[in-house]
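A short write-up of the structure that comes next.
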Amino acid sequence: MRGLRIRVRGIVQGVGFRPFVYGLAERHGLTGWVRNTSAQVEIELDGEPGALDAFLQELRDDAPPLARIDAVEVEERPPSGFGSFEIVESAHEEGWQAIPPDTATCEACHAETLDPNERRYRYPFTNCTHCGPRFTIIEDLPYDRRRTTMRRFEMCADCRAEYEDPRDRRFHAQPVACPACGPHAWLHGPTDDGTGGDPLARCAALLRDGRIVALKGLGGYQLACDATNDDAVSTLRSRKRRYGKPFALMVPDEGWAERLCRPTDAERNALLSRERPIVLMKRRDAAEIAPEVAPGLDTLGLMLPYTPLHHLLLREFEGPLVMTSGNLSEEPIAIGNDEAVERLGEIADAFLLHNRDIYARYDDSVVRQLAGVVTPIRRARGFAPAPVELPFETARDVLAVGAQQKNTFCLVKGSKALLGQHIGDLENLETLEHFQDALATYERLFRVRPEIIAHDMHPDYLSTQVAQEYPDPGAVRVAVQHHHAHVVSVMAEHGIRDPVIGVAYDGTGYGTDGTVWGGEVLVADWSRFERVAHLRYAPMLGGEAAIRKPYRMAAGYIWGVCRGATESEFAAFTATLPIGERIILRRQFEAELNTPLTSSCGRLFDVAAALLDVRREAVYEGQAAVELEAVADPRVDEIYPYDILRRGEGWIIDPAATLRALWCEHRAGRPLSTTAAAFHNTVASFTAAVCERIRERHDLERVALSGGCFQNALLTARLVETLEATGFEVLTHRAVPPNDGGLSLGQAVAAYAIATSS
Ligand code: ZN
Ligand code: ZN
Ligand code: FE
């Protein structure tokens, strides 16, 4: 006989780890105990050496689906003479407790809801240890029913028996419930049809009838309508005041996804993953979907049902539903029943409500395959707050408040970066309140007391003000340049500290010289950066307004960048500018009035889209670039000319020749599929050429890509290909979004490095 003491760290609580250990010990004839502490799971065992070895092997190999084992420590000790194996009372200390995020309904639970002999037949709140709500209902840790919004539901005898049986799939499943004791759903609508029938069946009938229904999902309300019904989709757009921007769809099953799109293997896996994100995929030409769902795009965002409520509804409806956040454009997603009925009353014809409260808002997550890797574009439900593991351990907690757009915050504790869920654009009071609520929740749940507070350099970002007003005057404030933070975010994900060539291409970021940066090539490590190359500055005529009007940006480029002899070649374009505006714009340009300079790569994409007449005015940020990518044919390998000019110690990328060639070709009648693709190829080509020059001079082999422009799959694939073909090692995002949604991770790591190096 031998004795062992074992400590397991990782995501090992709230995932059925103790019953798993219990079963394993029983099977191998071992005695002893297992318990949770706030930081880990502890096990003591007596048994035969061979049985102990087998136990240790299976502990790692067969762990429950939601567990993530980071470390197993094993210590020999003399046998204690235990008589049996037991699960003993948890020892709670203050500290860390890792719980998995909200997880899609598992196969076993799904099957139960479809079986008329089961007591949970058609029950929309079925869940178990392997699936169901988590952070959307947790008010505090340690994770326990009393500290969730399930508190008000007293378990019935049947549920309690499952909850207390270590051999049951629902052993200590905190949100366990059934029709007899748990939450229930009902339909609330202006027209009660008096059938008193099943709320899900009635909801599906309303949807088939072309109505808009607000339904209470996992992390907030969603607005649903029939995705094949033009009128329904257009009505939803106008009532929600959301124009142009594509809607995501929920489809009943994988077969439906194949009918509408052409998923790659990686995309199919993402679709079926337990995070159940919205997956952006190439649509089939024949896909029968209302054109208003995703106008001008060659992709659709699809997701599969992820709660029993969704499964049952989609099963009744038998077709694709638009499934979008329950909010007015730009506001946070609604979570409370009264709040939803009030805020969404003008949008929805009916409400599918239930009485399990949502404690924290989590939007649906969005992923896209970029250069072979399925990458989050919006990181929320299913992903947050799963920590990103960092290659260092800090004794001082860090808070990074993120950017203005697509805001997320990031907290660093020990070696873990907890990136909060997608908050949205910090442009209104509601979103700012959402930010503050979410931050307060995280600080409480994870016992974080930030001593280092990182923010953007932009003085007008609301997040910068939040950092300055943070109620701890003793905390160190560190301003991190926007594009430096982008580059560090991708470095941190890969655990790379050594200097890299950082390519940060996005729409807007505050530069150290007060101009608007966005086409930046840096040499950077965590604490320092040098701007070694950037896109040539162009005037933004009318400032911010140029973002919504790509034709203004094009005029700015023609007058400011493609100067002199070539300008007359663009006369046919400038002639298309609205006549009154053209005179004003020209005057603004000459007097340099309200015309900030920008090196933005996002704006360069806008210019190409305007010149090609793909999109002259945009209703949402990035629309021009997204539509330009949609028309480009990836089989085209043509590249337009460009110039790389030496300036001091660095380089300026001058795309004047590119735009001139693009315009000539367009005028000559070359198809958009060719010109748009050649433009993408050119951006990849000049970027790789700049990296090559930096490699020669700085002896760096590693390139890190970040920034919103790398949500563009064609650009990313082209650039990665080109760089790898010439021997570069390329780092791209995997765990956090390349856009500003991933910025807070870079801010946190850069601020930590800056604060600890001085
Ligand atoms: Zn389950
Ligand atoms: Zn029950
Ligand atoms: Fe950015």
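Here, A, B, ... name the chains of the structure tokens in the order displayed, residue numbers run from 1 inside each chain, and ligands are numbered from 1 in the same displayed order.
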Set out as JSON lines a contact list for region 126-162 of chain A and region 38-54 of chain A with a cut-off of 10 Å, giving each residue of region 126-162 of chain A that qualifies its closest atom pair and distance in Å to one decimal, counting only C-alpha atoms, ordered by chain and rising residue number.
{"residue": "A:Leu141", "atom": "CA", "partner": "A:Ser38", "partner_atom": "CA", "distance": 9.0}
{"residue": "A:Pro142", "atom": "CA", "partner": "A:Ser38", "partner_atom": "CA", "distance": 6.9}
{"residue": "A:Tyr143", "atom": "CA", "partner": "A:Ser38", "partner_atom": "CA", "distance": 9.5}
Would you write out those residues with N, CA and C atoms, as an mmCIF file, in the first residue's frame?
data_model
loop_
_atom_site.group_PDB
_atom_site.id
_atom_site.type_symbol
_atom_site.label_atom_id
_atom_site.label_comp_id
_atom_site.auth_asym_id
_atom_site.auth_seq_id
_atom_site.Cartn_x
_atom_site.Cartn_y
_atom_site.Cartn_z
ATOM 1 N N LEU A 141 -18.770 34.518 -6.043
ATOM 2 C CA LEU A 141 -18.095 33.228 -5.889
ATOM 3 C C LEU A 141 -17.800 33.037 -4.405
ATOM 4 N N PRO A 142 -17.563 31.846 -3.870
ATOM 5 C CA PRO A 142 -17.538 30.571 -4.588
ATOM 6 C C PRO A 142 -18.880 30.211 -5.219
ATOM 7 N N TYR A 143 -18.788 29.465 -6.310
ATOM 8 C CA TYR A 143 -19.942 29.096 -7.116
ATOM 9 C C TYR A 143 -20.847 28.145 -6.344
#
Write as number ranges by chain the residues around ligand 2, taking 7 Å as the cut-off and counting only C-alpha atoms and all ligand atoms. A: 155-159, 177-182
Counting only C-alpha atoms and all ligand atoms, what residues are within 7 Å of ligand 1, given as a count of residues only? 11
Could you report the residues within 7 Å of ligand 3, using only C-alpha atoms and all ligand atoms, as an MDAnalysis selection string? chainID A and resid 482:483 486 506:509 707:708 739:740
Test item: residues at most 8 Å from Tyr306 (chain A), only C-alpha atoms, excluding those fewer than 5 positions along its chain, as a list in words: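 Here the qualifying residues turn out to be Thr103, Ala104, Thr105, Arg276 and His311 of chain A.
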Could I get the residues of region 394-415 of chain A with an atom no further than 12 Å from an atom of region 317-338 of chain A, each paired with its nearest atom pair and that distance in Å to one decimal, using only C-alpha atoms, sorted by chain and residue number, as JSON lines?
{"residue": "A:Gln405", "atom": "CA", "partner": "A:Glu330", "partner_atom": "CA", "distance": 10.7}
{"residue": "A:Lys406", "atom": "CA", "partner": "A:Glu330", "partner_atom": "CA", "distance": 10.6}
{"residue": "A:Asn407", "atom": "CA", "partner": "A:Pro332", "partner_atom": "CA", "distance": 11.8}
Residues near Arg35 (chain A), anyone? I mean within 12 Å using only C-alpha atoms, not counting same-chain ones fewer than 5 positions away, as number ranges by chain. A: 5-8, 12-13, 16-22, 40-44, 85-92
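Nearest residue to Arg262 (chain A) among A:Gly10, A:Gly580, A:Gly189, A:Gly301 is A:Gly301, counting only C-alpha atoms.
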What lies within 9 Å of Leu300 (chain A) using only C-alpha atoms, ignoring chain neighbours under 6 positions off, as a count of residues only? 13
